$ cat work_5.pdb   # PDB, C-alpha atoms and all ligand atoms
ATOM      1  CA  MET A   1    -139.423 -83.414  49.237  1.00  0.00           C
ATOM      2  CA  HIS A   2    -142.857 -84.965  49.591  1.00  0.00           C
ATOM      3  CA  ILE A   3    -145.624 -83.081  51.308  1.00  0.00           C
ATOM      4  CA  ARG A   4    -148.371 -85.104  52.826  1.00  0.00           C
ATOM      5  CA  ALA A   5    -151.815 -83.628  52.477  1.00  0.00           C
ATOM      6  CA  LEU A   6    -153.929 -83.641  55.600  1.00  0.00           C
ATOM      7  CA  TYR A   7    -156.154 -86.746  55.767  1.00  0.00           C
ATOM      8  CA  SER A   8    -154.759 -88.225  52.600  1.00  0.00           C
ATOM      9  CA  ASN A   9    -152.343 -91.015  51.984  1.00  0.00           C
ATOM     10  CA  PHE A  10    -150.721 -89.428  48.950  1.00  0.00           C
ATOM     11  CA  CYS A  11    -148.278 -86.617  48.386  1.00  0.00           C
ATOM     12  CA  ASN A  12    -149.915 -83.413  47.176  1.00  0.00           C
ATOM     13  CA  THR A  13    -147.481 -82.878  44.370  1.00  0.00           C
ATOM     14  CA  CYS A  14    -146.452 -86.251  42.959  1.00  0.00           C
ATOM     15  CA  GLN A  15    -148.977 -88.739  44.363  1.00  0.00           C
ATOM     16  CA  VAL A  16    -146.291 -90.876  46.068  1.00  0.00           C
ATOM     17  CA  GLN A  17    -147.976 -93.112  48.600  1.00  0.00           C
ATOM     18  CA  PHE A  18    -146.824 -92.591  52.212  1.00  0.00           C
ATOM     19  CA  GLY A  19    -147.919 -95.895  53.643  1.00  0.00           C
ATOM     20  CA  ALA A  20    -150.250 -98.584  52.461  1.00  0.00           C
ATOM     21  CA  TYR A  21    -152.226 -98.301  55.693  1.00  0.00           C
ATOM     22  CA  HIS A  22    -154.135 -95.180  56.574  1.00  0.00           C
ATOM     23  CA  CYS A  23    -156.382 -94.615  59.580  1.00  0.00           C
ATOM     24  CA  GLY A  24    -158.565 -91.562  59.207  1.00  0.00           C
ATOM     25  CA  ILE A  25    -159.496 -91.547  62.907  1.00  0.00           C
ATOM     26  CA  CYS A  26    -155.916 -91.592  64.207  1.00  0.00           C
ATOM     27  CA  ASN A  27    -154.672 -89.664  61.166  1.00  0.00           C
ATOM     28  CA  LEU A  28    -151.994 -92.335  60.936  1.00  0.00           C
ATOM     29  CA  TRP A  29    -150.075 -93.613  57.956  1.00  0.00           C
ATOM     30  CA  MET A  30    -147.937 -96.691  58.199  1.00  0.00           C
ATOM     31  CA  SER A  31    -146.757 -99.667  56.214  1.00  0.00           C
ATOM     32  CA  ASP A  32    -149.223-102.545  56.130  1.00  0.00           C
ATOM     33  CA  GLU A  33    -146.471-105.098  56.788  1.00  0.00           C
ATOM     34  CA  GLU A  34    -147.462-105.442  60.435  1.00  0.00           C
ATOM     35  CA  ASP A  35    -151.156-105.692  59.626  1.00  0.00           C
ATOM     36  CA  PRO A  36    -152.409-102.574  61.422  1.00  0.00           C
ATOM     37  CA  TYR A  37    -156.057-102.119  62.358  1.00  0.00           C
ATOM     38  CA  HIS A  38    -158.034 -99.552  64.267  1.00  0.00           C
ATOM     39  CA  CYS A  39    -159.754-100.716  67.455  1.00  0.00           C
ATOM     40  CA  SER A  40    -162.524 -98.288  68.341  1.00  0.00           C
ATOM     41  CA  GLU A  41    -162.693 -99.550  71.953  1.00  0.00           C
ATOM     42  CA  CYS A  42    -158.936 -99.131  72.495  1.00  0.00           C
ATOM     43  CA  GLY A  43    -159.240 -95.824  70.703  1.00  0.00           C
ATOM     44  CA  PHE A  44    -156.220 -96.215  68.466  1.00  0.00           C
ATOM     45  CA  CYS A  45    -154.518 -98.412  65.920  1.00  0.00           C
ATOM     46  CA  ARG A  46    -152.833-101.669  66.841  1.00  0.00           C
ATOM     47  CA  VAL A  47    -150.841-104.118  64.749  1.00  0.00           C
ATOM     48  CA  GLY A  48    -151.239-107.861  64.274  1.00  0.00           C
ATOM     49  CA  GLY A  49    -154.366-108.066  62.115  1.00  0.00           C
ATOM     50  CA  ARG A  50    -157.961-107.334  63.104  1.00  0.00           C
ATOM     51  CA  GLU A  51    -158.983-110.933  62.409  1.00  0.00           C
ATOM     52  CA  ASN A  52    -156.512-112.163  65.073  1.00  0.00           C
ATOM     53  CA  PHE A  53    -157.831-110.020  67.921  1.00  0.00           C
ATOM     54  CA  ARG A  54    -160.991-109.422  69.845  1.00  0.00           C
ATOM     55  CA  HIS A  55    -161.395-106.503  72.186  1.00  0.00           C
ATOM     56  CA  CYS A  56    -162.242-107.411  75.789  1.00  0.00           C
ATOM     57  CA  ASN A  57    -164.156-104.665  77.553  1.00  0.00           C
ATOM     58  CA  ASP A  58    -163.214-105.939  81.013  1.00  0.00           C
ATOM     59  CA  CYS A  59    -159.485-106.028  80.361  1.00  0.00           C
ATOM     60  CA  GLY A  60    -159.788-102.954  78.161  1.00  0.00           C
ATOM     61  CA  MET A  61    -157.457-104.586  75.679  1.00  0.00           C
ATOM     62  CA  CYS A  62    -157.365-106.384  72.358  1.00  0.00           C
ATOM     63  CA  ILE A  63    -156.847-110.072  73.183  1.00  0.00           C
ATOM     64  CA  ASP A  64    -155.449-112.769  70.894  1.00  0.00           C
ATOM     65  CA  ILE A  65    -158.542-114.521  69.556  1.00  0.00           C
ATOM     66  CA  GLN A  66    -157.062-117.984  70.198  1.00  0.00           C
ATOM     67  CA  LEU A  67    -156.581-117.179  73.878  1.00  0.00           C
ATOM     68  CA  PHE A  68    -159.758-115.157  74.300  1.00  0.00           C
ATOM     69  CA  ASP A  69    -161.973-117.911  75.737  1.00  0.00           C
ATOM     70  CA  ASP A  70    -159.434-118.879  78.403  1.00  0.00           C
ATOM     71  CA  HIS A  71    -158.028-115.502  79.356  1.00  0.00           C
ATOM     72  CA  ASN A  72    -158.380-114.269  82.920  1.00  0.00           C
ATOM     73  CA  CYS A  73    -160.236-110.993  82.835  1.00  0.00           C
ATOM     74  CA  LYS A  74    -158.756-108.482  85.170  1.00  0.00           C
ATOM     75  CA  VAL A  75    -159.412-104.782  85.058  1.00  0.00           C
ATOM     76  CA  GLY A  76    -156.164-102.919  84.758  1.00  0.00           C
ATOM     77  CA  LYS A  77    -154.096-105.962  83.812  1.00  0.00           C
ATOM     78  CA  TYR A  78    -152.607-104.121  80.877  1.00  0.00           C
ATOM     79  CA  MET A  79    -152.072-100.933  82.839  1.00  0.00           C
ATOM     80  CA  SER A  80    -148.565-102.148  83.456  1.00  0.00           C
ATOM     81  CA  ASN A  81    -145.219-102.160  81.747  1.00  0.00           C
ATOM     82  CA  CYS A  82    -143.896-105.024  79.677  1.00  0.00           C
ATOM     83  CA  PRO A  83    -141.445-106.847  81.996  1.00  0.00           C
ATOM     84  CA  VAL A  84    -138.942-107.194  79.147  1.00  0.00           C
ATOM     85  CA  CYS A  85    -138.822-103.792  77.404  1.00  0.00           C
ATOM     86  CA  GLN A  86    -140.576-101.737  80.142  1.00  0.00           C
ATOM     87  CA  GLU A  87    -142.876-100.066  77.615  1.00  0.00           C
ATOM     88  CA  ASP A  88    -146.441 -99.329  78.763  1.00  0.00           C
ATOM     89  CA  LEU A  89    -148.521-102.233  77.451  1.00  0.00           C
ATOM     90  CA  PHE A  90    -151.836-100.523  76.849  1.00  0.00           C
ATOM     91  CA  SER A  91    -150.617 -97.569  74.852  1.00  0.00           C
ATOM     92  CA  SER A  92    -148.158 -99.690  72.899  1.00  0.00           C
ATOM     93  CA  ARG A  93    -149.312-100.624  69.416  1.00  0.00           C
ATOM     94  CA  ASP A  94    -147.748-104.080  69.620  1.00  0.00           C
ATOM     95  CA  ALA A  95    -149.836-107.071  70.604  1.00  0.00           C
ATOM     96  CA  SER A  96    -149.781-108.204  74.207  1.00  0.00           C
ATOM     97  CA  HIS A  97    -149.751-111.728  75.517  1.00  0.00           C
ATOM     98  CA  GLU A  98    -150.803-113.139  78.849  1.00  0.00           C
ATOM     99  CA  MET A  99    -148.591-115.798  80.408  1.00  0.00           C
ATOM    100  CA  PRO A 100    -150.143-118.690  82.404  1.00  0.00           C
ATOM    101  CA  CYS A 101    -149.198-116.848  85.633  1.00  0.00           C
ATOM    102  CA  GLY A 102    -151.426-113.941  84.576  1.00  0.00           C
ATOM    103  CA  HIS A 103    -148.651-111.442  83.911  1.00  0.00           C
ATOM    104  CA  ALA A 104    -148.868-109.539  80.652  1.00  0.00           C
ATOM    105  CA  ILE A 105    -146.042-109.073  78.199  1.00  0.00           C
ATOM    106  CA  HIS A 106    -145.631-107.983  74.578  1.00  0.00           C
ATOM    107  CA  TRP A 107    -146.099-110.906  72.225  1.00  0.00           C
ATOM    108  CA  HIS A 108    -142.803-110.193  70.455  1.00  0.00           C
ATOM    109  CA  CYS A 109    -140.995-109.757  73.801  1.00  0.00           C
ATOM    110  CA  PHE A 110    -142.496-113.059  74.963  1.00  0.00           C
ATOM    111  CA  ARG A 111    -141.115-114.879  71.940  1.00  0.00           C
ATOM    112  CA  GLU A 112    -137.702-113.331  72.500  1.00  0.00           C
ATOM    113  CA  LEU A 113    -137.786-114.207  76.200  1.00  0.00           C
ATOM    114  CA  THR A 114    -138.748-117.846  75.704  1.00  0.00           C
ATOM    115  CA  SER A 115    -135.816-118.356  73.340  1.00  0.00           C
ATOM    116  CA  TYR A 116    -133.484-118.194  76.350  1.00  0.00           C
ATOM    117  CA  ASP A 117    -135.638-118.469  79.494  1.00  0.00           C
ATOM    118  CA  THR A 118    -138.911-120.279  80.091  1.00  0.00           C
ATOM    119  CA  ARG A 119    -139.797-118.326  83.225  1.00  0.00           C
ATOM    120  CA  CYS A 120    -141.872-115.182  83.730  1.00  0.00           C
ATOM    121  CA  PRO A 121    -139.456-112.319  84.508  1.00  0.00           C
ATOM    122  CA  VAL A 122    -141.807-111.036  87.222  1.00  0.00           C
ATOM    123  CA  CYS A 123    -142.792-114.099  89.269  1.00  0.00           C
ATOM    124  CA  LYS A 124    -140.457-116.841  87.925  1.00  0.00           C
ATOM    125  CA  LYS A 125    -143.338-119.171  87.152  1.00  0.00           C
ATOM    126  CA  THR A 126    -143.126-121.119  83.898  1.00  0.00           C
ATOM    127  CA  ALA A 127    -144.077-118.732  81.080  1.00  0.00           C
ATOM    128  CA  GLU A 128    -145.379-121.406  78.713  1.00  0.00           C
ATOM    129  CA  THR A 129    -148.374-123.690  79.129  1.00  0.00           C
ATOM    130  CA  PRO A 130    -147.855-127.156  80.706  1.00  0.00           C
ATOM    131  CA  GLU A 131    -148.754-128.734  77.335  1.00  0.00           C
ATOM    132  CA  HIS A 132    -146.044-126.690  75.643  1.00  0.00           C
ATOM    133  CA  MET A 133    -143.474-127.554  78.321  1.00  0.00           C
ATOM    134  CA  ALA A 134    -144.198-131.299  78.452  1.00  0.00           C
ATOM    135  CA  PRO A 135    -141.563-132.320  75.834  1.00  0.00           C
ATOM    136  CA  THR A 136    -138.922-130.150  77.557  1.00  0.00           C
ATOM    137  CA  TRP A 137    -139.660-131.627  80.977  1.00  0.00           C
ATOM    138  CA  GLN A 138    -139.634-135.119  79.483  1.00  0.00           C
ATOM    139  CA  ALA A 139    -136.216-134.508  77.924  1.00  0.00           C
ATOM    140  CA  MET A 140    -134.901-133.390  81.315  1.00  0.00           C
ATOM    141  CA  ALA A 141    -136.295-136.506  83.000  1.00  0.00           C
ATOM    142  CA  MET A 142    -134.524-138.584  80.340  1.00  0.00           C
ATOM    143  CA  GLY A 143    -131.256-136.726  80.913  1.00  0.00           C
ATOM    144  CA  ILE A 144    -131.513-137.398  84.634  1.00  0.00           C
ATOM    145  CA  ALA A 145    -132.233-141.087  84.102  1.00  0.00           C
ATOM    146  CA  LEU A 146    -129.185-141.364  81.826  1.00  0.00           C
ATOM    147  CA  GLN A 147    -126.768-139.544  84.152  1.00  0.00           C
ATOM    148  CA  PRO A 148    -127.148-140.830  87.705  1.00  0.00           C
ATOM    149  CA  VAL A 149    -125.382-138.762  90.352  1.00  0.00           C
ATOM    150  CA  PRO A 150    -122.458-140.723  91.867  1.00  0.00           C
ATOM    151  CA  ALA A 151    -123.098-141.898  95.437  1.00  0.00           C
ATOM    152  CA  GLU A 152    -120.441-139.645  96.962  1.00  0.00           C
ATOM    153  CA  LEU A 153    -122.110-136.596  95.404  1.00  0.00           C
ATOM    154  CA  ALA A 154    -125.650-137.598  96.349  1.00  0.00           C
ATOM    155  CA  ARG A 155    -127.806-135.113  98.241  1.00  0.00           C
ATOM    156  CA  VAL A 156    -131.166-135.342  99.915  1.00  0.00           C
ATOM    157  CA  VAL A 157    -132.935-132.042  99.351  1.00  0.00           C
ATOM    158  CA  THR A 158    -136.089-130.130 100.094  1.00  0.00           C
ATOM    159  CA  ILE A 159    -137.457-128.417  96.995  1.00  0.00           C
ATOM    160  CA  MET A 160    -139.944-125.638  96.424  1.00  0.00           C
ATOM    161  CA  CYS A 161    -141.911-125.663  93.169  1.00  0.00           C
ATOM    162  CA  ASN A 162    -142.055-122.215  91.560  1.00  0.00           C
ATOM    163  CA  ASP A 163    -145.132-123.227  89.570  1.00  0.00           C
ATOM    164  CA  CYS A 164    -147.526-124.890  92.041  1.00  0.00           C
ATOM    165  CA  GLU A 165    -145.796-123.611  95.199  1.00  0.00           C
ATOM    166  CA  GLN A 166    -145.666-127.065  96.776  1.00  0.00           C
ATOM    167  CA  ARG A 167    -142.764-127.944  99.042  1.00  0.00           C
ATOM    168  CA  ASP A 168    -141.394-131.482  98.889  1.00  0.00           C
ATOM    169  CA  ASP A 169    -138.744-133.014 101.125  1.00  0.00           C
ATOM    170  CA  ASP A 170    -136.613-136.180 100.937  1.00  0.00           C
ATOM    171  CA  ARG A 171    -135.956-135.653  97.239  1.00  0.00           C
ATOM    172  CA  ARG A 172    -132.997-136.925  95.239  1.00  0.00           C
ATOM    173  CA  TRP A 173    -130.929-133.975  94.033  1.00  0.00           C
ATOM    174  CA  HIS A 174    -129.718-133.854  90.432  1.00  0.00           C
ATOM    175  CA  PHE A 175    -127.628-131.181  88.712  1.00  0.00           C
ATOM    176  CA  LEU A 176    -130.173-131.000  85.862  1.00  0.00           C
ATOM    177  CA  GLY A 177    -132.987-130.210  88.256  1.00  0.00           C
ATOM    178  CA  VAL A 178    -135.500-131.837  90.566  1.00  0.00           C
ATOM    179  CA  ARG A 179    -138.984-132.474  89.285  1.00  0.00           C
ATOM    180  CA  CYS A 180    -142.101-131.459  91.173  1.00  0.00           C
ATOM    181  CA  THR A 181    -144.171-134.614  91.615  1.00  0.00           C
ATOM    182  CA  ASN A 182    -147.311-132.528  92.043  1.00  0.00           C
ATOM    183  CA  CYS A 183    -147.370-130.575  88.765  1.00  0.00           C
ATOM    184  CA  MET A 184    -144.464-132.350  86.964  1.00  0.00           C
ATOM    185  CA  SER A 185    -142.576-129.086  86.417  1.00  0.00           C
ATOM    186  CA  PHE A 186    -138.800-128.824  86.698  1.00  0.00           C
ATOM    187  CA  ASN A 187    -139.126-125.165  87.663  1.00  0.00           C
ATOM    188  CA  THR A 188    -138.126-125.884  91.247  1.00  0.00           C
ATOM    189  CA  THR A 189    -135.549-124.482  93.621  1.00  0.00           C
ATOM    190  CA  VAL A 190    -133.566-126.395  96.225  1.00  0.00           C
ATOM    191  CA  GLU A 191    -134.382-124.879  99.592  1.00  0.00           C
ATOM    192  CA  GLN A 192    -132.285-127.106 101.777  1.00  0.00           C
ATOM    193  CA  THR A 193    -129.879-130.041 101.709  1.00  0.00           C
ATOM    194  CA  THR A 194    -130.710-132.398 104.545  1.00  0.00           C
ATOM    195  CA  MET A 195    -128.106-135.103 103.900  1.00  0.00           C
ATOM    196  CA  SER A 196    -125.178-135.593 101.537  1.00  0.00           C
ATOM    197  CA  GLY A 197    -122.676-138.164 100.293  1.00  0.00           C
ATOM    198  CA  ARG A 198    -122.906-141.947 100.600  1.00  0.00           C
ATOM    199  CA  GLU A 199    -125.237-141.677 103.569  1.00  0.00           C
ATOM    200  CA  ALA A 200    -127.648-139.695 101.375  1.00  0.00           C
ATOM    201  CA  ALA A 201    -127.313-142.203  98.517  1.00  0.00           C
ATOM    202  CA  ALA A 202    -128.150-145.128 100.823  1.00  0.00           C
ATOM    203  CA  TYR A 203    -131.085-143.227 102.307  1.00  0.00           C
ATOM    204  CA  LEU A 204    -132.484-142.351  98.850  1.00  0.00           C
ATOM    205  CA  ASP A 205    -132.049-145.909  97.557  1.00  0.00           C
ATOM    206  CA  GLU A 206    -133.940-147.177 100.579  1.00  0.00           C
ATOM    207  CA  LEU A 207    -136.691-144.601  99.953  1.00  0.00           C
ATOM    208  CA  ASP A 208    -136.936-145.712  96.315  1.00  0.00           C
ATOM    209  CA  ARG A 209    -137.305-149.311  97.439  1.00  0.00           C
ATOM    210  CA  THR A 210    -140.150-148.509  99.820  1.00  0.00           C
ATOM    211  CA  ARG A 211    -141.817-146.171  97.321  1.00  0.00           C
ATOM    212  CA  GLY A 212    -141.295-148.707  94.552  1.00  0.00           C
ATOM    213  CA  VAL A 213    -140.290-145.984  92.088  1.00  0.00           C
ATOM    214  CA  GLY A 214    -137.294-143.909  91.158  1.00  0.00           C
ATOM    215  CA  ASP A 215    -137.191-140.356  92.401  1.00  0.00           C
ATOM    216  CA  ASN A 216    -136.315-138.749  89.093  1.00  0.00           C
ATOM    217  CA  GLY A 217    -139.832-137.779  88.245  1.00  0.00           C
ATOM    218  CA  THR A 218    -140.232-141.217  86.721  1.00  0.00           C
ATOM    219  CA  ALA A 219    -143.175-142.151  88.899  1.00  0.00           C
ATOM    220  CA  ASP A 220    -145.474-141.464  85.973  1.00  0.00           C
ATOM    221  CA  GLY A 221    -143.254-143.450  83.641  1.00  0.00           C
ATOM    222  CA  SER A 222    -142.699-140.354  81.503  1.00  0.00           C
ATOM    223  CA  ALA A 223    -138.966-140.911  81.354  1.00  0.00           C
ATOM    224  CA  GLY A 224    -139.623-144.314  79.910  1.00  0.00           C
ATOM    225  CA  MET A 225    -137.841-146.081  82.748  1.00  0.00           C
ATOM    226  CA  GLY A 226    -139.358-148.667  85.033  1.00  0.00           C
ATOM    227  CA  ALA A 227    -138.347-148.992  88.662  1.00  0.00           C
ATOM    228  CA  GLY A 228    -136.289-152.066  87.829  1.00  0.00           C
ATOM    229  CA  THR A 229    -134.138-150.285  85.262  1.00  0.00           C
ATOM    230  CA  ASP A 230    -133.645-147.402  87.629  1.00  0.00           C
ATOM    231  CA  ALA A 231    -132.359-149.705  90.354  1.00  0.00           C
ATOM    232  CA  ASP A 232    -129.974-151.364  87.876  1.00  0.00           C
ATOM    233  CA  MET A 233    -128.510-148.014  86.918  1.00  0.00           C
ATOM    234  CA  GLN A 234    -127.993-147.006  90.505  1.00  0.00           C
ATOM    235  CA  ALA A 235    -126.169-150.268  91.151  1.00  0.00           C
ATOM    236  CA  THR A 236    -123.491-149.130  88.703  1.00  0.00           C
ATOM    237  CA  ASP A 237    -122.816-145.982  90.740  1.00  0.00           C
ATOM    238  CA  GLY A 238    -120.283-147.757  92.968  1.00  0.00           C
ATOM    239  CA  GLY A 239    -117.485-145.209  93.177  1.00  0.00           C
ATOM    240  CA  ASN A 240    -117.322-144.399  89.466  1.00  0.00           C
ATOM    241  CA  LEU A 241    -117.152-140.664  89.106  1.00  0.00           C
ATOM    242  CA  ASN A 242    -119.305-139.733  86.187  1.00  0.00           C
ATOM    243  CA  ALA A 243    -117.157-137.414  84.077  1.00  0.00           C
ATOM    244  CA  GLU A 244    -120.209-135.701  82.619  1.00  0.00           C
ATOM    245  CA  ALA A 245    -121.344-134.791  86.086  1.00  0.00           C
ATOM    246  CA  ASP A 246    -118.336-132.610  86.848  1.00  0.00           C
ATOM    247  CA  ASP A 247    -118.905-129.371  84.951  1.00  0.00           C
ATOM    248  CA  PRO A 248    -122.576-128.773  85.688  1.00  0.00           C
ATOM    249  CA  MET A 249    -121.891-129.641  89.336  1.00  0.00           C
ATOM    250  CA  ASP A 250    -119.333-126.880  89.672  1.00  0.00           C
ATOM    251  CA  ASP A 251    -121.708-124.382  88.118  1.00  0.00           C
ATOM    252  CA  ASP A 252    -124.402-125.290  90.537  1.00  0.00           C
ATOM    253  CA  LEU A 253    -122.364-125.162  93.725  1.00  0.00           C
TER     254      LEU A 253
HETATM  255 ZN    ZN B 301    -143.983 -85.986  46.481  1.00  0.00          ZN
HETATM  256 ZN    ZN B 302    -156.739 -95.708  64.192  1.00  0.00          ZN
HETATM  257 ZN    ZN B 303    -159.040-103.043  71.447  1.00  0.00          ZN
HETATM  258 ZN    ZN B 304    -160.691-109.791  79.518  1.00  0.00          ZN
HETATM  259 ZN    ZN B 305    -142.080-105.508  75.546  1.00  0.00          ZN
HETATM  260 ZN    ZN B 306    -145.619-114.006  86.123  1.00  0.00          ZN
HETATM  261 ZN    ZN B 307    -145.228-128.062  91.094  1.00  0.00          ZN
END
$ encode --input "work_5.pdb" --output "structure tokens"
Amino acid sequence: MHIRALYSNFCNTCQVQFGAYHCGICNLWMSDEEDPYHCSECGFCRVGGRENFRHCNDCGMCIDIQLFDDHNCKVGKYMSNCPVCQEDLFSSRDASHEMPCGHAIHWHCFRELTSYDTRCPVCKKTAETPEHMAPTWQAMAMGIALQPVPAELARVVTIMCNDCEQRDDDRRWHFLGVRCTNCMSFNTTVEQTTMSGREAAAYLDELDRTRGVGDNGTADGSAGMGAGTDADMQATDGGNLNAEADDPMDDDL
């Protein structure tokens, strides 16, 4: 049995080392794998490497140095629980991260979360920055352009954007999602279906003609499709049930 001497990192009897990291203020020994450091303003030891954090006196928290200049200071922001593991954020040794919506979360919980969901668990806004999401949104716009909804399954919908909170009506529904034309996010919810079936398809085609663009979030050309190509694709709708459309449709209904 090893006996740790008070305020020393070594065993009294055999000099076995208890942990490579020792904080004399906290009287803490731990492995240095997680890069622990003592923050005098926080008043205890955190992990993640001193060089990667800067303490913010307003937030009362050690902030990731790369995010420091852009972070929204709010007193008491970290006096909350992590929305994933429910642990108190301030007293937890693990690094915290602030999502674009302003909600705080453990950095490691954030990485776990974004592997299966890109939305903040608290407010459902997109948890990653618009720059980070751009390739994902672009891939969705491509998927929509490649899989037009058959005319008999067409729907005219009103959407609400979870990110910019803009409502938009007369939009073409798609089982992959409907893009917000204001902030280009696909994090939208369908609030209402105002028309469906062939009537809806004809109405949407007419809208596209007057708008001069497709309604798949392609107005900015990000899906790489011009209005002409879009119209050509829609012309092939004529009664052909798109087999790929079946499964996701059922899930959504
Ligand atoms: Zn010993
Ligand atoms: Zn310490
Ligand atoms: Zn600190
Ligand atoms: Zn701050
Ligand atoms: Zn957590
Ligand atoms: Zn949030
Ligand atoms: Zn939006």
$ resolve_selection --input "work_5.pdb" --expression "the PyMOL selection byres (((chain A and resi 113-128) around 10) and not hetatm)" --output "PyMOL selection string"
chain A and resi 82-84+98-105+107-112+129-134+161-165+185-188
$ atom_distance --input "work_5.pdb" --atom1 "CA of Met61 (chain A)" --atom2 "atom ZN of ligand ZN 302 (chain B)"
14.5 Å
$ atom_distance --input "work_5.pdb" --atom1 "CA of Cys59 (chain A)" --atom2 "CA of Val75 (chain A)"
4.9 Å
$ residues_near_ligand --input "work_5.pdb" --ligand "ligand ZN 302 (chain B)" --cutoff "8 Å" --atoms "only C-alpha atoms and all ligand atoms" --output "list in words"
Cys23, Gly24, Ile25, Cys26, Asn27, Leu28, Tyr37, His38, Cys39, Ser40, Gly43, Phe44, Cys45 and Arg46 of chain A
$ closest_residue --input "work_5.pdb" --among "A:Ala141, A:Arg54, A:Trp173, A:Trp29" --to "Glu41 (chain A)" --atoms "all atoms listed in the file"
A:Arg54
$ resolve_selection --input "work_5.pdb" --expression "the PyMOL selection byres (((chain A and resi 171) around 12) and not hetatm)" --output "PyMOL selection string"
chain A and resi 154-160+167-170+172-174+177-181+188-196+200-201+203-205+207-208+214-217
